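*Asks:* The file below is entry-v7.txt, compact mmCIF, C-alpha atoms:
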# COMPACT_ATOMS: atom_id res chain seq x y z
CA MET K 3 -12.37 11.16 -25.25
CA ASN K 4 -9.80 13.93 -24.97
CA TRP K 5 -11.29 15.14 -21.70
CA ILE K 6 -9.76 12.10 -20.01
CA TYR K 7 -6.29 13.56 -20.54
CA ASP K 8 -7.20 16.93 -19.05
CA SER K 9 -7.60 17.65 -15.36
CA TRP K 10 -11.02 16.37 -14.24
CA PRO K 11 -13.39 19.09 -13.01
CA TRP K 12 -14.48 19.09 -9.36
CA TYR K 13 -18.14 18.43 -10.20
CA ILE K 14 -17.15 15.15 -11.89
CA SER K 15 -14.46 14.12 -9.39
CA GLY K 16 -16.50 14.68 -6.21
CA PRO K 17 -19.41 12.42 -7.26
CA LEU K 18 -16.92 9.78 -8.50
CA ILE K 19 -15.30 9.70 -5.04
CA SER K 20 -18.70 9.14 -3.42
CA LEU K 21 -19.29 6.37 -5.98
CA VAL K 22 -16.21 4.61 -4.55
CA MET K 23 -17.74 4.91 -1.06
CA PHE K 24 -21.06 3.56 -2.38
CA LEU K 25 -19.47 0.60 -4.17
CA LEU K 26 -17.58 -0.39 -1.01
CA LEU K 27 -20.81 -0.19 1.03
CA MET K 28 -22.49 -2.40 -1.56
CA MET K 29 -19.60 -4.84 -1.20
CA GLY K 30 -20.37 -4.90 2.54
CA LYS K 31 -17.31 -2.82 3.48
CA ARG K 32 -16.57 0.69 4.76
CA PHE K 33 -14.58 3.36 2.91
CA GLY K 34 -11.50 4.31 4.94
CA MET K 35 -7.90 4.52 3.83
CA SER K 36 -6.10 5.18 7.11
CA SER K 37 -7.17 1.88 8.72
CA ASN K 38 -4.71 0.29 6.29
CA LEU K 39 -1.88 1.97 8.17
CA ARG K 40 -3.00 0.11 11.29
CA THR K 41 -3.20 -3.17 9.39
CA MET K 42 0.34 -2.57 8.10
CA CYS K 43 1.51 -2.13 11.72
CA THR K 44 -0.07 -5.47 12.59
CA LEU K 45 1.63 -7.07 9.57
CA CYS K 46 4.96 -5.77 10.89
CA GLY K 47 4.32 -7.51 14.22
CA ALA K 48 3.04 -4.54 16.26
CA GLY K 49 0.55 -6.89 17.98
CA LYS K 50 3.42 -7.97 20.24
CA THR K 51 3.77 -4.48 21.72
CA SER K 52 0.19 -3.20 21.86
CA ASP K 53 -3.27 -4.77 21.99
CA PHE K 54 -4.43 -2.07 19.58
CA PHE K 55 -2.71 -4.04 16.84
CA LYS K 56 -3.90 -7.49 17.95
CA PHE K 57 -6.53 -8.34 15.38
CA ASP K 58 -6.86 -10.69 12.47
CA TRP K 59 -5.32 -8.71 9.62
CA LYS K 60 -6.92 -11.08 7.12
CA ALA K 61 -10.27 -9.42 7.83
CA GLN K 62 -8.69 -6.26 6.37
CA ARG K 63 -7.09 -7.96 3.39
CA TRP K 64 -9.74 -6.50 1.07
CA ASN K 65 -8.68 -2.96 2.05
CA LEU K 66 -5.00 -3.71 1.40
CA ILE K 67 -6.06 -4.84 -2.08
CA VAL K 68 -7.85 -1.49 -2.53
CA VAL K 69 -4.55 0.23 -1.59
CA LEU K 70 -2.66 -1.87 -4.13
CA GLY K 71 -5.24 -0.74 -6.69
CA VAL K 72 -4.78 2.89 -5.66
CA ILE K 73 -1.02 2.61 -6.28
CA ILE K 74 -1.65 1.08 -9.71
CA GLY K 75 -4.30 3.75 -10.40
CA GLY K 76 -1.77 6.48 -9.63
CA ALA K 77 0.71 4.90 -12.05
CA ILE K 78 -1.91 4.52 -14.81
CA ALA K 79 -3.24 8.07 -14.38
CA ASN K 80 0.21 9.66 -14.44
CA ASN K 81 1.72 7.58 -17.24
CA TYR K 82 -1.19 6.88 -19.58
CA LEU K 83 -4.03 9.29 -18.81
CA SER K 84 -2.22 12.61 -18.56
CA LEU K 85 -0.59 14.80 -21.18
CA ASN K 86 0.13 17.69 -18.89
CA THR K 87 0.01 17.46 -15.10
CA VAL K 88 0.83 21.09 -14.30
CA ILE K 89 -1.45 22.47 -11.57
CA PRO K 90 -2.71 25.89 -12.69
CA LEU K 91 -2.35 27.97 -9.52
CA GLU K 92 -3.77 31.42 -9.10
CA THR K 93 -0.99 34.03 -9.54
CA LYS K 94 -1.10 35.18 -5.91
CA VAL K 95 -0.87 31.61 -4.52
CA ALA K 96 1.98 30.78 -6.93
CA SER K 97 3.97 33.92 -6.10
CA ASP K 98 3.49 33.38 -2.35
CA LEU K 99 4.81 29.84 -2.75
CA LYS K 100 7.77 31.02 -4.82
CA SER K 101 8.72 33.49 -2.12
CA LEU K 102 8.72 30.57 0.37
CA GLY K 103 11.15 28.73 -1.92
CA PHE K 104 8.72 26.56 -3.89
CA GLN K 105 10.12 27.45 -7.31
CA SER K 106 8.02 24.88 -9.17
CA ALA K 107 4.69 26.40 -8.02
CA GLY K 108 2.38 26.75 -11.02
CA GLU K 109 4.69 24.61 -13.17
CA ALA K 110 4.31 21.08 -11.79
CA TYR K 111 1.99 18.58 -10.06
CA MET K 112 4.15 18.35 -6.95
CA PRO K 113 6.75 20.73 -5.49
CA ASP K 114 10.35 19.83 -6.42
CA LEU K 115 11.44 21.30 -3.10
CA LEU K 116 9.83 18.36 -1.23
CA PHE K 117 9.34 15.57 -3.74
CA SER K 118 12.13 15.62 -6.32
CA GLU K 119 14.62 12.81 -5.86
CA ASP K 120 17.28 15.32 -4.86
CA ALA K 121 15.03 16.66 -2.11
CA LEU K 122 15.89 13.69 0.11
CA LYS K 123 19.55 14.72 0.15
CA ASP K 124 18.58 17.73 2.25
CA PRO K 125 18.27 16.58 5.89
CA LYS K 126 15.77 19.37 6.62
CA ILE K 127 13.42 18.18 3.88
CA LEU K 128 13.80 14.59 5.02
CA ILE K 129 12.83 15.60 8.56
CA LEU K 130 9.81 17.55 7.28
CA LEU K 131 8.56 14.57 5.24
CA ILE K 132 8.99 12.25 8.23
CA LEU K 133 7.22 14.74 10.49
CA GLY K 134 4.33 15.15 8.03
CA GLY K 135 3.88 11.38 7.81
CA LEU K 136 4.06 10.90 11.60
CA LEU K 137 1.40 13.58 12.17
CA VAL K 138 -0.92 12.14 9.52
CA GLY K 139 -0.60 8.58 10.85
CA PHE K 140 -0.90 9.53 14.52
CA GLY K 141 -3.71 12.04 13.97
CA ALA K 142 -5.76 9.81 11.71
CA ARG K 143 -5.85 6.98 14.24
CA TYR K 144 -6.40 9.35 17.18
CA ALA K 145 -9.34 10.93 15.33
CA GLY K 146 -10.53 7.49 14.22
CA GLY K 147 -10.33 8.24 10.51
CA CYS K 148 -8.98 10.48 7.78
CA THR K 149 -10.40 12.35 4.83
CA SER K 150 -12.13 9.28 3.39
CA GLY K 151 -13.54 7.97 6.68
CA HIS K 152 -14.59 11.29 8.23
CA ALA K 153 -14.81 14.00 5.55
CA ILE K 154 -16.49 11.81 2.92
CA SER K 155 -18.14 8.80 4.64
CA GLY K 156 -18.83 10.38 8.03
CA LEU K 157 -20.21 13.67 6.76
CA SER K 158 -22.32 11.81 4.16
CA ASN K 159 -23.81 9.82 7.02
CA LEU K 160 -24.44 13.11 8.90
CA GLN K 161 -22.17 12.20 11.81
CA ILE K 162 -21.42 15.03 14.23
CA PRO K 163 -18.15 13.37 15.37
CA SER K 164 -16.96 13.47 11.75
CA LEU K 165 -17.84 17.15 11.52
CA LEU K 166 -15.71 17.75 14.64
CA ALA K 167 -12.84 15.80 13.07
CA VAL K 168 -13.11 17.77 9.81
CA ILE K 169 -13.11 21.05 11.77
CA GLY K 170 -9.95 19.74 13.46
CA PHE K 171 -8.40 18.89 10.04
CA PHE K 172 -8.98 22.47 8.96
CA ILE K 173 -7.69 24.07 12.16
CA GLY K 174 -4.50 21.98 11.83
CA GLY K 175 -4.12 22.72 8.12
CA LEU K 176 -4.67 26.45 8.52
CA VAL K 177 -2.20 26.68 11.42
CA MET K 178 0.43 24.77 9.42
CA VAL K 179 0.08 26.81 6.24
CA HIS K 180 -0.38 30.26 7.79
CA PHE K 181 1.76 30.14 10.93
CA ILE K 182 4.25 27.28 10.66
CA PHE K 183 5.17 27.44 6.94
CA PRO K 184 6.68 30.96 7.29
CA LEU K 185 8.90 29.59 10.09
CA ILE K 186 10.10 26.43 8.34
CA PHE K 187 10.36 27.47 4.67
CA MET Q 12 -13.33 -12.82 -7.75
CA LYS Q 13 -14.00 -10.41 -4.88
CA SER Q 14 -10.30 -9.52 -4.78
CA ILE Q 15 -10.46 -8.43 -8.42
CA ILE Q 16 -13.43 -6.16 -7.65
CA TYR Q 17 -11.53 -4.53 -4.75
CA LEU Q 18 -8.53 -4.09 -7.01
CA ILE Q 19 -10.66 -2.43 -9.71
CA ILE Q 20 -12.33 -0.14 -7.14
CA GLY Q 21 -8.85 0.82 -5.88
CA VAL Q 22 -7.50 1.49 -9.39
CA PHE Q 23 -10.56 3.62 -10.14
CA PHE Q 24 -10.16 5.56 -6.87
CA GLY Q 25 -6.45 6.09 -7.56
CA ILE Q 26 -7.15 7.44 -11.04
CA VAL Q 27 -9.89 9.77 -9.74
CA LEU Q 28 -7.62 11.13 -6.97
CA PHE Q 29 -4.79 11.80 -9.43
CA LYS Q 30 -6.90 13.23 -12.27
CA SER Q 31 -8.97 15.42 -9.93
CA GLU Q 32 -5.65 16.87 -8.68
CA ALA Q 33 -6.79 16.13 -5.10
CA ALA Q 34 -3.48 14.25 -4.78
CA SER Q 35 -1.45 17.37 -5.55
CA TRP Q 36 0.44 19.03 -2.70
CA PHE Q 37 -0.25 22.39 -4.40
CA ARG Q 38 -4.03 21.84 -4.34
CA ILE Q 39 -3.96 21.15 -0.59
CA TYR Q 40 -1.87 24.26 0.05
CA GLU Q 41 -4.21 26.31 -2.14
CA MET Q 42 -7.23 24.96 -0.24
CA PHE Q 43 -5.81 26.12 3.11
CA GLN Q 44 -5.07 29.51 1.52
CA PHE Q 45 -8.67 29.71 0.20
CA GLY Q 46 -7.01 30.30 -3.17
CA SER Q 47 -9.45 28.33 -5.31
CA PHE Q 48 -12.84 26.63 -5.11
CA HIS Q 49 -11.46 23.40 -6.62
CA MET Q 50 -10.92 21.29 -3.47
CA TYR Q 51 -14.06 22.64 -1.80
CA GLY Q 52 -15.96 21.69 -4.95
CA ILE Q 53 -14.59 18.14 -4.85
CA ILE Q 54 -15.26 17.56 -1.14
CA GLY Q 55 -18.61 19.40 -1.31
CA THR Q 56 -20.00 17.45 -4.27
CA ALA Q 57 -18.63 14.19 -2.81
CA VAL Q 58 -20.48 14.85 0.45
CA ILE Q 59 -23.72 15.94 -1.27
CA THR Q 60 -23.88 12.91 -3.58
CA GLY Q 61 -22.61 10.70 -0.74
CA THR Q 62 -25.45 11.89 1.51
CA LEU Q 63 -28.00 11.15 -1.23
CA LEU Q 64 -26.53 7.68 -1.80
CA ILE Q 65 -26.55 6.83 1.92
CA GLN Q 66 -30.13 8.13 2.27
CA MET Q 67 -31.08 5.96 -0.69
CA ILE Q 68 -29.50 2.93 1.00
CA LYS Q 69 -31.31 3.66 4.27
CA ARG Q 70 -34.76 4.52 2.84
CA ASN Q 71 -34.86 1.58 0.44
CA ARG Q 72 -33.15 -0.74 2.94
CA LEU Q 73 -30.74 -1.67 0.18
CA LYS Q 74 -28.81 -4.90 0.62
CA THR Q 75 -25.20 -5.47 -0.40
CA PHE Q 76 -24.42 -7.19 -3.71
CA TYR Q 77 -24.30 -10.38 -1.62
CA GLY Q 78 -27.73 -9.87 -0.05
CA GLU Q 79 -26.53 -8.78 3.38
CA HIS Q 80 -28.13 -5.98 5.39
CA ILE Q 81 -26.18 -2.68 5.30
CA TYR Q 82 -25.74 -1.16 8.75
CA ILE Q 83 -23.39 1.78 9.17
CA THR Q 84 -22.17 1.94 12.77
CA PRO Q 85 -22.54 5.49 14.15
CA LYS Q 86 -19.25 7.08 15.32
CA GLU Q 87 -18.82 7.09 19.11
CA LYS Q 88 -19.85 10.33 20.80
CA LYS Q 89 -16.62 11.94 21.95
CA LEU Q 90 -15.13 15.39 21.61
CA THR Q 91 -11.44 15.44 22.47
CA ARG Q 92 -10.27 12.66 20.19
CA TYR Q 93 -11.96 14.11 17.13
CA LEU Q 94 -10.80 17.68 17.64
CA LEU Q 95 -7.30 16.93 18.91
CA GLY Q 96 -6.72 14.01 16.56
CA GLY Q 97 -8.19 16.07 13.74
CA ILE Q 98 -5.84 19.00 14.41
CA ILE Q 99 -2.79 16.71 14.50
CA PHE Q 100 -3.93 15.09 11.24
CA GLY Q 101 -4.54 18.51 9.66
CA LEU Q 102 -1.02 19.70 10.54
CA GLY Q 103 0.42 16.67 8.77
CA TRP Q 104 -2.03 16.86 5.85
CA ALA Q 105 -0.91 20.41 5.05
CA LEU Q 106 2.80 19.67 5.54
CA ALA Q 107 3.00 16.43 3.56
CA GLY Q 108 0.26 17.68 1.22
CA ALA Q 109 -1.26 14.24 1.18
CA CYS Q 110 -3.69 12.21 3.24
CA PRO Q 111 -3.57 8.39 3.40
CA GLY Q 112 -5.26 7.86 -0.01
CA PRO Q 113 -3.19 10.27 -2.12
CA MET Q 114 0.05 9.07 -0.46
CA PHE Q 115 -0.34 5.77 -2.27
CA VAL Q 116 -1.53 7.43 -5.50
CA LEU Q 117 1.64 9.53 -5.55
CA LEU Q 118 3.86 6.56 -4.81
CA GLY Q 119 2.32 4.85 -7.84
CA ALA Q 120 2.74 8.00 -9.90
CA GLY Q 121 6.48 7.76 -9.22
CA TYR Q 122 7.03 10.38 -6.51
CA LEU Q 123 9.37 8.14 -4.57
CA PRO Q 124 9.97 10.46 -1.55
CA MET Q 125 6.32 9.65 -0.71
CA PHE Q 126 7.64 6.29 0.45
CA ILE Q 127 9.30 8.10 3.40
CA VAL Q 128 5.95 9.77 4.22
CA ILE Q 129 4.11 6.42 4.10
CA ILE Q 130 6.63 4.66 6.36
CA SER Q 131 6.40 7.61 8.79
CA ALA Q 132 2.60 7.49 8.72
CA ILE Q 133 2.73 3.77 9.61
CA LEU Q 134 5.14 4.67 12.42
CA GLY Q 135 2.80 7.47 13.57
CA THR Q 136 -0.06 4.96 13.71
CA PHE Q 137 2.17 2.65 15.75
CA LEU Q 138 2.99 5.49 18.18
CA TYR Q 139 -0.72 6.13 18.64
CA GLY Q 140 -1.21 2.43 19.45
CA LEU Q 141 1.51 2.67 22.11
CA LEU Q 142 0.20 5.87 23.70
CA LYS Q 143 -3.53 5.23 23.19
CA ASP Q 144 -4.39 4.50 26.84
CA LYS Q 145 -2.52 7.58 28.08
CA LEU Q 146 -4.27 10.00 25.72
CA PRO Q 147 -7.51 11.83 26.48
CA HIS Q 148 -10.32 10.65 24.23
Starting from the coordinates I provided, produce the structure as structure tokens.
*Replies:*
Amino acid sequence: MNWIYDSWPWYISGPLISLVMFLLLMMGKRFGMSSNLRTMCTLCGAGKTSDFFKFDWKAQRWNLIVVLGVIIGGAIANNYLSLNTVIPLETKVASDLKSLGFQSAGEAYMPDLLFSEDALKDPKILILLILGGLLVGFGARYAGGCTSGHAISGLSNLQIPSLLAVIGFFIGGLVMVHFIFPLIF
Amino acid sequence: MKSIIYLIIGVFFGIVLFKSEAASWFRIYEMFQFGSFHMYGIIGTAVITGTLLIQMIKRNRLKTFYGEHIYITPKEKKLTRYLLGGIIFGLGWALAGACPGPMFVLLGAGYLPMFIVIISAILGTFLYGLLKDKLPH
């Protein structure tokens, strides 16, 4: 059972993610995490300002429960199913990151620069986190889905629109990492 | 009863995302640097097995656990919204290092600054709702 405590290989993890999609289909639902962000807007009363948020949130209650599970799953995995959460990065990737200021590259699960509790004291980091969140939320709804809805569910159902969205995800990601990171870090 | 099943599916998904390291900011960065096969392996095998599972549902006309017909609505045929929305999403995905699933995994794992990212993502969704009719789709 020791394998549980190690990092799970991609050829196990990928099929397990599609199992989640399959189970939700068998429950009569669709796999998609970003729609929860819309439901949360509705819960905060956004229906008063835009029709986009006027819908019965109770129909999406099941998905909010999935999110609650995901939070609990993250806590269980980190606290009880992991001995060592260091991400083994290739030397070149780690040294590139270090030169950008990410000192914890190759030594942690998440970069201290952005996600340590002290990070929030730096207004620049705070702005970057807010910007990242805004882009993800705005882009996911504009594209009609995120990684789960398009990259996993949509591609598995051979949807061309999802392929376009995934191409977009990659264009955006490549531009951020290759052209914008050197300017902001 | 159903709520418990959704909760278990969520817990399972959260554990898989954390243990696969797909929730790690570093893995997303590495993916966009083509530094390792790891993330491509995860997404690739998820899509291959996902395609087989959906084909199995369609060919065998599988019903849900509750005996209902499974019909997956095709995505609407548009170009701009997918490409433009996708690019905006990708910019944020690489910067925050997390998409909407992993954000919640990381919050649970105790990375509290993720809370700021989640609130901003909700706000971003709200902004889209406000501007929706003015945007090209």
*Asks:* Quick one: everything within 9 Å of Gly52 of chain Q, counting only C-alpha atoms, minus sequence neighbours fewer than 5 positions away in the same chain. Send it as an MDAnalysis selection string.
*Replies:* (chainID K and resid 11:13 15:16) or (chainID Q and resid 57)
*Asks:* Could you list, as JSON, numbers by chain, every residue within 9 Å of Ile59 of chain Q, counting only C-alpha atoms and ignoring same-chain residues fewer than 6 positions away?
*Replies:* {"K": [16, 17, 20, 158]}
*Asks:* Within 6 Å of chain K, which residues of chain Q show up when using all atoms listed in the file, listed as a PyMOL selection string?
*Replies:* chain Q and resi 17-18+21-22+25-26+30-31+35-36+43+49+52-54+56-58+60-62+75-76+92-94+96-103+105-107+111-112+115-116+119-120+124+128+131-133+135-136+139-140
*Asks:* How many Å separate atom CA of Phe57 of chain K from atom CA of Leu45 of chain K?
*Replies:* 10.1 Å
